[in-house]
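Data first, discussion second: the structure below is written as structure tokens.
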Amino acid sequence: MHQTIQPQILYFGTPVVIICTINPDGTPNIAPISSIWWMNQSCMIGMSSRSQTIANLKREQQCTINLASADLVHAVDRLALTTGLSPVPEYKQGMGYEYVPDKFKHAGLTPVASQTVQPPCIQECPVQMEAVLEQSYVFDAKSGGHLCAAELKINRIHIEEALLNDQQRIVAERWHPLIMNFCEFFTTGATIHPSRLAEPFTRQYYNS
């Protein structure tokens with residue numbers, strides 16, 4: 001039996017990534033998000049249009065996208081309810097946010113220099129991507145327009161060696177991303193069934 005309901009959020013599970021951007025004073029800002037999807041060498045992220053991250057991204061046109069593994073859950077959770085905006089906007093004050101100027105130190109994370117963009121990568125994240133902003137959109141405009149969707153082009157990728165095989169391909173069984181599922185943290189388990197898509201997909205993209 002199915003029931004018809006109207007949930008307030010549609011958070012059916014997406015990976016947690018930490019976006020790093022550059023503040024107006026040149027310092028880095030990091031923020032965890034879990035609204036992201038991928039297509040070819042690009043991704044689309046969704047965030048509040050009033051966030052410091054989106055302001056930085058629109059101004060500087062670049063960022064790093066750092067995928068958190070399951071063992072970074074405590075660092076990610078320390079970033080929750082923190083903001084790079086000072087003073088803290090009223091709507092965030094009501095949710096318990098606090099201004100944290102050095103989020104790297106607050107979360108216990110380490111910045112490392114990127115190769116093609118100014119924002120640093122996060123050393124502890126097994127997957128690090130350098131990206132540039134292609135375009136941004138107002139999302140859900142009829143409900144107030146306080147959300148932004150941003151298309152990012154990935155131009156450099158750094159992968160922890162432990163995730164790679166001898167052919168420098170990512171071994172899916174070794175990658176355990178941190179996943180936000182209805183505002184709770186989860187991760188992946190063992191493979192449950194082989195995919196018929198795997199063989200033709202691998203043949204097209206790795207053997208062409």
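Just so we're on the same page: first chain in the structure tokens is A, next is B, and so on; residues restart at 1 for each chain, and ligands are numbered from 1 in the order they show up.
Every residue of segment 40-114 of chain A found in helix (DSSP H, G or I) when DSSP is run on the backbone appears here: Gln52, Thr53, Ile54, Ala55, Asn56, Leu57, Lys58, Arg59, Glu60, Ala70, Asp71, Leu72, Val73, His74, Ala75, Val76, Asp77, Arg78, Leu79, Glu90, Tyr91, Lys92, Gln93, Lys103, Phe104, Lys105, His106 and Ala107 of chain A.
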Restrict the selected residues to N, CA, C and O atoms and save them as a tab-separated table (two decimals), in the first residue's frame.
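So out28.tsv came out as:
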```tsv
chain	number	residue	atom	x	y	z
A	52	GLN	N	27.39	32.70	1.66
A	52	GLN	CA	28.70	33.26	1.32
A	52	GLN	C	29.33	32.47	0.19
A	52	GLN	O	30.02	33.04	-0.67
A	53	THR	N	29.10	31.17	0.15
A	53	THR	CA	29.66	30.33	-0.91
A	53	THR	C	29.18	30.77	-2.28
A	53	THR	O	29.99	30.91	-3.22
A	54	ILE	N	27.91	31.00	-2.44
A	54	ILE	CA	27.37	31.41	-3.74
A	54	ILE	C	27.87	32.81	-4.10
A	54	ILE	O	28.22	33.08	-5.26
A	55	ALA	N	27.94	33.71	-3.13
A	55	ALA	CA	28.47	35.06	-3.40
A	55	ALA	C	29.92	34.97	-3.88
A	55	ALA	O	30.30	35.62	-4.86
A	56	ASN	N	30.71	34.14	-3.20
A	56	ASN	CA	32.11	33.96	-3.60
A	56	ASN	C	32.21	33.33	-4.98
A	56	ASN	O	33.04	33.74	-5.81
A	57	LEU	N	31.39	32.32	-5.23
A	57	LEU	CA	31.45	31.60	-6.50
A	57	LEU	C	31.08	32.52	-7.67
A	57	LEU	O	31.75	32.50	-8.71
A	58	LYS	N	30.07	33.32	-7.51
A	58	LYS	CA	29.68	34.23	-8.58
A	58	LYS	C	30.73	35.31	-8.83
A	58	LYS	O	30.96	35.72	-9.96
A	59	ARG	N	31.40	35.75	-7.76
A	59	ARG	CA	32.40	36.79	-7.91
A	59	ARG	C	33.70	36.25	-8.50
A	59	ARG	O	34.28	36.84	-9.42
A	60	GLU	N	34.18	35.12	-7.99
A	60	GLU	CA	35.49	34.59	-8.39
A	60	GLU	C	35.40	33.60	-9.54
A	60	GLU	O	36.43	33.30	-10.18
A	70	ALA	N	33.16	8.51	4.34
A	70	ALA	CA	32.39	8.27	5.56
A	70	ALA	C	33.18	8.59	6.82
A	70	ALA	O	32.59	9.02	7.82
A	71	ASP	N	34.50	8.40	6.79
A	71	ASP	CA	35.28	8.63	8.00
A	71	ASP	C	35.49	10.11	8.31
A	71	ASP	O	36.10	10.45	9.33
A	72	LEU	N	34.99	11.00	7.46
A	72	LEU	CA	35.08	12.44	7.72
A	72	LEU	C	33.78	13.00	8.29
A	72	LEU	O	33.59	14.22	8.35
A	73	VAL	N	32.90	12.13	8.74
A	73	VAL	CA	31.58	12.59	9.19
A	73	VAL	C	31.68	13.60	10.33
A	73	VAL	O	30.90	14.57	10.38
A	74	HIS	N	32.63	13.42	11.26
A	74	HIS	CA	32.71	14.35	12.39
A	74	HIS	C	33.20	15.73	11.95
A	74	HIS	O	32.72	16.76	12.45
A	75	ALA	N	34.12	15.77	10.99
A	75	ALA	CA	34.57	17.05	10.46
A	75	ALA	C	33.45	17.78	9.75
A	75	ALA	O	33.27	18.99	9.91
A	76	VAL	N	32.69	17.04	8.96
A	76	VAL	CA	31.55	17.64	8.25
A	76	VAL	C	30.53	18.17	9.23
A	76	VAL	O	29.99	19.27	9.08
A	77	ASP	N	30.25	17.39	10.27
A	77	ASP	CA	29.24	17.80	11.23
A	77	ASP	C	29.68	19.04	12.01
A	77	ASP	O	28.84	19.85	12.43
A	78	ARG	N	31.00	19.21	12.20
A	78	ARG	CA	31.48	20.42	12.88
A	78	ARG	C	31.24	21.67	12.04
A	78	ARG	O	31.18	22.79	12.57
A	79	LEU	N	31.11	21.49	10.72
A	79	LEU	CA	30.85	22.63	9.83
A	79	LEU	C	29.38	23.02	9.81
A	79	LEU	O	29.03	24.10	9.33
A	90	GLU	N	19.83	37.34	9.80
A	90	GLU	CA	18.78	37.09	10.79
A	90	GLU	C	18.16	35.71	10.62
A	90	GLU	O	17.89	35.01	11.60
A	91	TYR	N	17.93	35.31	9.36
A	91	TYR	CA	17.28	34.02	9.15
A	91	TYR	C	18.17	32.87	9.60
A	91	TYR	O	17.68	31.81	10.04
A	92	LYS	N	19.51	33.05	9.56
A	92	LYS	CA	20.41	32.02	10.04
A	92	LYS	C	20.57	32.07	11.56
A	92	LYS	O	20.79	31.05	12.21
A	93	GLN	N	20.46	33.28	12.14
A	93	GLN	CA	20.51	33.39	13.59
A	93	GLN	C	19.41	32.55	14.22
A	93	GLN	O	19.63	31.86	15.24
A	103	LYS	N	37.11	28.22	8.98
A	103	LYS	CA	36.38	26.96	9.04
A	103	LYS	C	37.30	25.75	8.91
A	103	LYS	O	36.97	24.66	9.41
A	104	PHE	N	38.43	25.89	8.24
A	104	PHE	CA	39.38	24.78	8.17
A	104	PHE	C	39.81	24.38	9.58
A	104	PHE	O	39.78	23.21	9.95
A	105	LYS	N	40.24	25.36	10.38
A	105	LYS	CA	40.67	25.09	11.74
A	105	LYS	C	39.52	24.55	12.57
A	105	LYS	O	39.69	23.61	13.36
A	106	HIS	N	38.34	25.12	12.41
A	106	HIS	CA	37.16	24.72	13.18
A	106	HIS	C	36.81	23.26	12.93
A	106	HIS	O	36.43	22.55	13.87
A	107	ALA	N	36.96	22.81	11.69
A	107	ALA	CA	36.59	21.44	11.34
A	107	ALA	C	37.74	20.46	11.48
A	107	ALA	O	37.54	19.25	11.40
```
Which residues in segment 3-179 of chain A does DSSP call strand (DSSP E)? List them as a count of residues only. 66
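By only C-alpha atoms, and with residues fewer than 4 positions from segment 176-179 of chain A along its chain excluded, the set lying at most 7 Å from it is A:Gly13, A:Thr14, A:Pro15, A:Val16, A:Ala68, A:Ser69, A:Ala70, A:Val73, A:Phe185, A:Phe186, A:Thr187, A:Thr188.
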Near-segment 168-173 of chain A list (10 Å; only C-alpha atoms; drop same-chain fewer than 2 positions) as a PDB file with all heavy atoms, in the first residue's frame:
```pdb
ATOM      1  N   ILE A 159      42.708  12.083  -6.946  1.00  0.00           N
ATOM      2  CA  ILE A 159      42.115  10.906  -6.318  1.00  0.00           C
ATOM      3  C   ILE A 159      43.128  10.253  -5.383  1.00  0.00           C
ATOM      4  O   ILE A 159      44.291  10.055  -5.757  1.00  0.00           O
ATOM      5  CB  ILE A 159      41.660   9.868  -7.370  1.00  0.00           C
ATOM      6  CG1 ILE A 159      40.697  10.503  -8.384  1.00  0.00           C
ATOM      7  CG2 ILE A 159      41.016   8.660  -6.694  1.00  0.00           C
ATOM      8  CD1 ILE A 159      39.350  10.878  -7.827  1.00  0.00           C
ATOM      9  N   GLU A 160      42.709   9.905  -4.183  1.00  0.00           N
ATOM     10  CA  GLU A 160      43.553   9.173  -3.251  1.00  0.00           C
ATOM     11  C   GLU A 160      43.991   7.848  -3.883  1.00  0.00           C
ATOM     12  O   GLU A 160      43.177   7.096  -4.425  1.00  0.00           O
ATOM     13  CB  GLU A 160      42.774   8.908  -1.956  1.00  0.00           C
ATOM     14  CG  GLU A 160      43.440   7.964  -0.979  1.00  0.00           C
ATOM     15  CD  GLU A 160      44.777   8.476  -0.496  1.00  0.00           C
ATOM     16  OE1 GLU A 160      44.862   9.670  -0.136  1.00  0.00           O
ATOM     17  OE2 GLU A 160      45.739   7.680  -0.473  1.00  0.00           O
ATOM     18  N   GLU A 161      45.286   7.565  -3.837  1.00  0.00           N
ATOM     19  CA  GLU A 161      45.831   6.383  -4.506  1.00  0.00           C
ATOM     20  C   GLU A 161      45.171   5.086  -4.055  1.00  0.00           C
ATOM     21  O   GLU A 161      45.036   4.142  -4.843  1.00  0.00           O
ATOM     22  CB  GLU A 161      47.336   6.299  -4.272  1.00  0.00           C
ATOM     23  CG  GLU A 161      48.135   7.365  -4.994  1.00  0.00           C
ATOM     24  CD  GLU A 161      49.632   7.218  -4.774  1.00  0.00           C
ATOM     25  OE1 GLU A 161      50.025   6.353  -3.947  1.00  0.00           O
ATOM     26  OE2 GLU A 161      50.396   7.940  -5.429  1.00  0.00           O
ATOM     27  N   ALA A 162      44.744   5.019  -2.796  1.00  0.00           N
ATOM     28  CA  ALA A 162      44.147   3.792  -2.279  1.00  0.00           C
ATOM     29  C   ALA A 162      42.840   3.439  -2.989  1.00  0.00           C
ATOM     30  O   ALA A 162      42.389   2.292  -2.929  1.00  0.00           O
ATOM     31  CB  ALA A 162      43.900   3.923  -0.779  1.00  0.00           C
ATOM     32  N   LEU A 163      42.235   4.405  -3.664  1.00  0.00           N
ATOM     33  CA  LEU A 163      40.983   4.151  -4.383  1.00  0.00           C
ATOM     34  C   LEU A 163      41.214   3.649  -5.804  1.00  0.00           C
ATOM     35  O   LEU A 163      40.256   3.288  -6.491  1.00  0.00           O
ATOM     36  CB  LEU A 163      40.135   5.426  -4.446  1.00  0.00           C
ATOM     37  CG  LEU A 163      39.699   6.040  -3.111  1.00  0.00           C
ATOM     38  CD1 LEU A 163      38.877   7.296  -3.362  1.00  0.00           C
ATOM     39  CD2 LEU A 163      38.906   5.036  -2.289  1.00  0.00           C
ATOM     40  N   LEU A 164      42.462   3.626  -6.261  1.00  0.00           N
ATOM     41  CA  LEU A 164      42.762   3.321  -7.655  1.00  0.00           C
ATOM     42  C   LEU A 164      43.346   1.926  -7.813  1.00  0.00           C
ATOM     43  O   LEU A 164      44.036   1.413  -6.926  1.00  0.00           O
ATOM     44  CB  LEU A 164      43.755   4.349  -8.204  1.00  0.00           C
ATOM     45  CG  LEU A 164      43.334   5.815  -8.147  1.00  0.00           C
ATOM     46  CD1 LEU A 164      44.485   6.698  -8.610  1.00  0.00           C
ATOM     47  CD2 LEU A 164      42.086   6.067  -8.973  1.00  0.00           C
ATOM     48  N   ASN A 165      43.094   1.332  -9.002  1.00  0.00           N
ATOM     49  CA  ASN A 165      43.754   0.072  -9.336  1.00  0.00           C
ATOM     50  C   ASN A 165      44.996   0.365 -10.179  1.00  0.00           C
ATOM     51  O   ASN A 165      45.381   1.528 -10.357  1.00  0.00           O
ATOM     52  CB  ASN A 165      42.790  -0.887 -10.044  1.00  0.00           C
ATOM     53  CG  ASN A 165      42.300  -0.340 -11.384  1.00  0.00           C
ATOM     54  OD1 ASN A 165      42.875   0.594 -11.950  1.00  0.00           O
ATOM     55  ND2 ASN A 165      41.233  -0.927 -11.897  1.00  0.00           N
ATOM     56  N   ASP A 166      45.615  -0.678 -10.713  1.00  0.00           N
ATOM     57  CA  ASP A 166      46.860  -0.501 -11.466  1.00  0.00           C
ATOM     58  C   ASP A 166      46.671   0.277 -12.763  1.00  0.00           C
ATOM     59  O   ASP A 166      47.631   0.824 -13.306  1.00  0.00           O
ATOM     60  CB  ASP A 166      47.474  -1.869 -11.781  1.00  0.00           C
ATOM     61  CG  ASP A 166      47.950  -2.587 -10.532  1.00  0.00           C
ATOM     62  OD1 ASP A 166      48.167  -1.891  -9.517  1.00  0.00           O
ATOM     63  OD2 ASP A 166      48.091  -3.819 -10.565  1.00  0.00           O
ATOM     64  N   TRP A 175      35.431   2.927  -2.431  1.00  0.00           N
ATOM     65  CA  TRP A 175      34.953   4.293  -2.214  1.00  0.00           C
ATOM     66  C   TRP A 175      33.675   4.265  -1.388  1.00  0.00           C
ATOM     67  O   TRP A 175      32.665   3.713  -1.813  1.00  0.00           O
ATOM     68  CB  TRP A 175      34.724   4.981  -3.552  1.00  0.00           C
ATOM     69  CG  TRP A 175      34.018   6.311  -3.504  1.00  0.00           C
ATOM     70  CD1 TRP A 175      32.923   6.682  -4.241  1.00  0.00           C
ATOM     71  CD2 TRP A 175      34.354   7.448  -2.696  1.00  0.00           C
ATOM     72  NE1 TRP A 175      32.560   7.967  -3.942  1.00  0.00           N
ATOM     73  CE2 TRP A 175      33.420   8.467  -2.999  1.00  0.00           C
ATOM     74  CE3 TRP A 175      35.352   7.694  -1.767  1.00  0.00           C
ATOM     75  CZ2 TRP A 175      33.453   9.715  -2.389  1.00  0.00           C
ATOM     76  CZ3 TRP A 175      35.385   8.939  -1.151  1.00  0.00           C
ATOM     77  CH2 TRP A 175      34.451   9.927  -1.464  1.00  0.00           C
ATOM     78  N   HIS A 176      33.722   4.861  -0.217  1.00  0.00           N
ATOM     79  CA  HIS A 176      32.571   4.895   0.679  1.00  0.00           C
ATOM     80  C   HIS A 176      32.223   6.358   0.975  1.00  0.00           C
ATOM     81  O   HIS A 176      32.664   6.923   1.986  1.00  0.00           O
ATOM     82  CB  HIS A 176      32.864   4.129   1.968  1.00  0.00           C
ATOM     83  CG  HIS A 176      33.151   2.677   1.723  1.00  0.00           C
ATOM     84  ND1 HIS A 176      32.166   1.776   1.360  1.00  0.00           N
ATOM     85  CD2 HIS A 176      34.313   1.985   1.750  1.00  0.00           C
ATOM     86  CE1 HIS A 176      32.700   0.586   1.190  1.00  0.00           C
ATOM     87  NE2 HIS A 176      34.004   0.678   1.412  1.00  0.00           N
ATOM     88  N   THR A 188      27.789   3.920   1.830  1.00  0.00           N
ATOM     89  CA  THR A 188      27.472   2.757   1.011  1.00  0.00           C
ATOM     90  C   THR A 188      27.934   1.481   1.688  1.00  0.00           C
ATOM     91  O   THR A 188      28.761   1.490   2.593  1.00  0.00           O
ATOM     92  CB  THR A 188      28.172   2.862  -0.355  1.00  0.00           C
ATOM     93  OG1 THR A 188      29.580   3.036  -0.131  1.00  0.00           O
ATOM     94  CG2 THR A 188      27.644   4.049  -1.147  1.00  0.00           C
ATOM     95  N   GLY A 189      27.389   0.360   1.228  1.00  0.00           N
ATOM     96  CA  GLY A 189      27.798  -0.951   1.715  1.00  0.00           C
ATOM     97  C   GLY A 189      28.419  -1.750   0.585  1.00  0.00           C
ATOM     98  O   GLY A 189      28.967  -1.187  -0.369  1.00  0.00           O
ATOM     99  N   ALA A 190      28.319  -3.048   0.681  1.00  0.00           N
ATOM    100  CA  ALA A 190      28.883  -3.922  -0.344  1.00  0.00           C
ATOM    101  C   ALA A 190      28.024  -3.878  -1.608  1.00  0.00           C
ATOM    102  O   ALA A 190      26.839  -3.524  -1.581  1.00  0.00           O
ATOM    103  CB  ALA A 190      28.962  -5.345   0.187  1.00  0.00           C
ATOM    104  N   THR A 191      28.632  -4.238  -2.737  1.00  0.00           N
ATOM    105  CA  THR A 191      27.885  -4.346  -3.988  1.00  0.00           C
ATOM    106  C   THR A 191      26.771  -5.370  -3.816  1.00  0.00           C
ATOM    107  O   THR A 191      26.998  -6.473  -3.306  1.00  0.00           O
ATOM    108  CB  THR A 191      28.817  -4.791  -5.134  1.00  0.00           C
ATOM    109  OG1 THR A 191      29.886  -3.855  -5.241  1.00  0.00           O
ATOM    110  CG2 THR A 191      28.062  -4.860  -6.446  1.00  0.00           C
ATOM    111  N   TYR A 206      36.625   3.719 -21.367  1.00  0.00           N
ATOM    112  CA  TYR A 206      38.010   3.377 -21.030  1.00  0.00           C
ATOM    113  C   TYR A 206      38.793   2.762 -22.177  1.00  0.00           C
ATOM    114  O   TYR A 206      40.005   2.777 -22.176  1.00  0.00           O
ATOM    115  CB  TYR A 206      38.030   2.407 -19.833  1.00  0.00           C
ATOM    116  CG  TYR A 206      37.689   3.066 -18.530  1.00  0.00           C
ATOM    117  CD1 TYR A 206      36.502   2.751 -17.860  1.00  0.00           C
ATOM    118  CD2 TYR A 206      38.541   4.000 -17.951  1.00  0.00           C
ATOM    119  CE1 TYR A 206      36.191   3.358 -16.655  1.00  0.00           C
ATOM    120  CE2 TYR A 206      38.236   4.607 -16.749  1.00  0.00           C
ATOM    121  CZ  TYR A 206      37.051   4.276 -16.104  1.00  0.00           C
ATOM    122  OH  TYR A 206      36.737   4.871 -14.902  1.00  0.00           O
TER     123      TYR A 206
END
```
Rounded to one decimal in Å, what is the spacing between atom CA of Val138 of chain A and atom CA of Ile33 of chain A? 17.4 Å
Exercise: Ile22 of chain A partners within 6 Å, only C-alpha atoms, chain neighbours under 4 positions left out, as a ChimeraX atom specification: /A:26-29,56,119
Choose the residue, out of A:Asp140, A:Tyr97, A:Gln167, A:Gln61, that has the smallest atom-to-atom separation from Lys153 of chain A; count only C-alpha atoms. A:Gln61
From A:Asn181, A:Ser34, A:Gln62, A:Thr82, residue lying nearest Tyr11 of chain A [only C-alpha atoms]: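 Counting only C-alpha atoms, the residue closest to Tyr11 of chain A is A:Asn181.
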Proximity to Thr116 of chain A - best of A:Gly144, A:Tyr99, A:Cys63, A:Ser136, only C-alpha atoms: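 Looking only at the distances to Thr116 of chain A, the closest residue turns out to be A:Cys63.
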Determine, counting only C-alpha atoms, which protein, DNA and RNA residues have an atom within 9 Å of an atom of Ser86 of chain A; residues of the same chain fewer than 4 positions away are not included. Present the result as a list in words. Glu98, Tyr99, Val100 and Pro101 of chain A
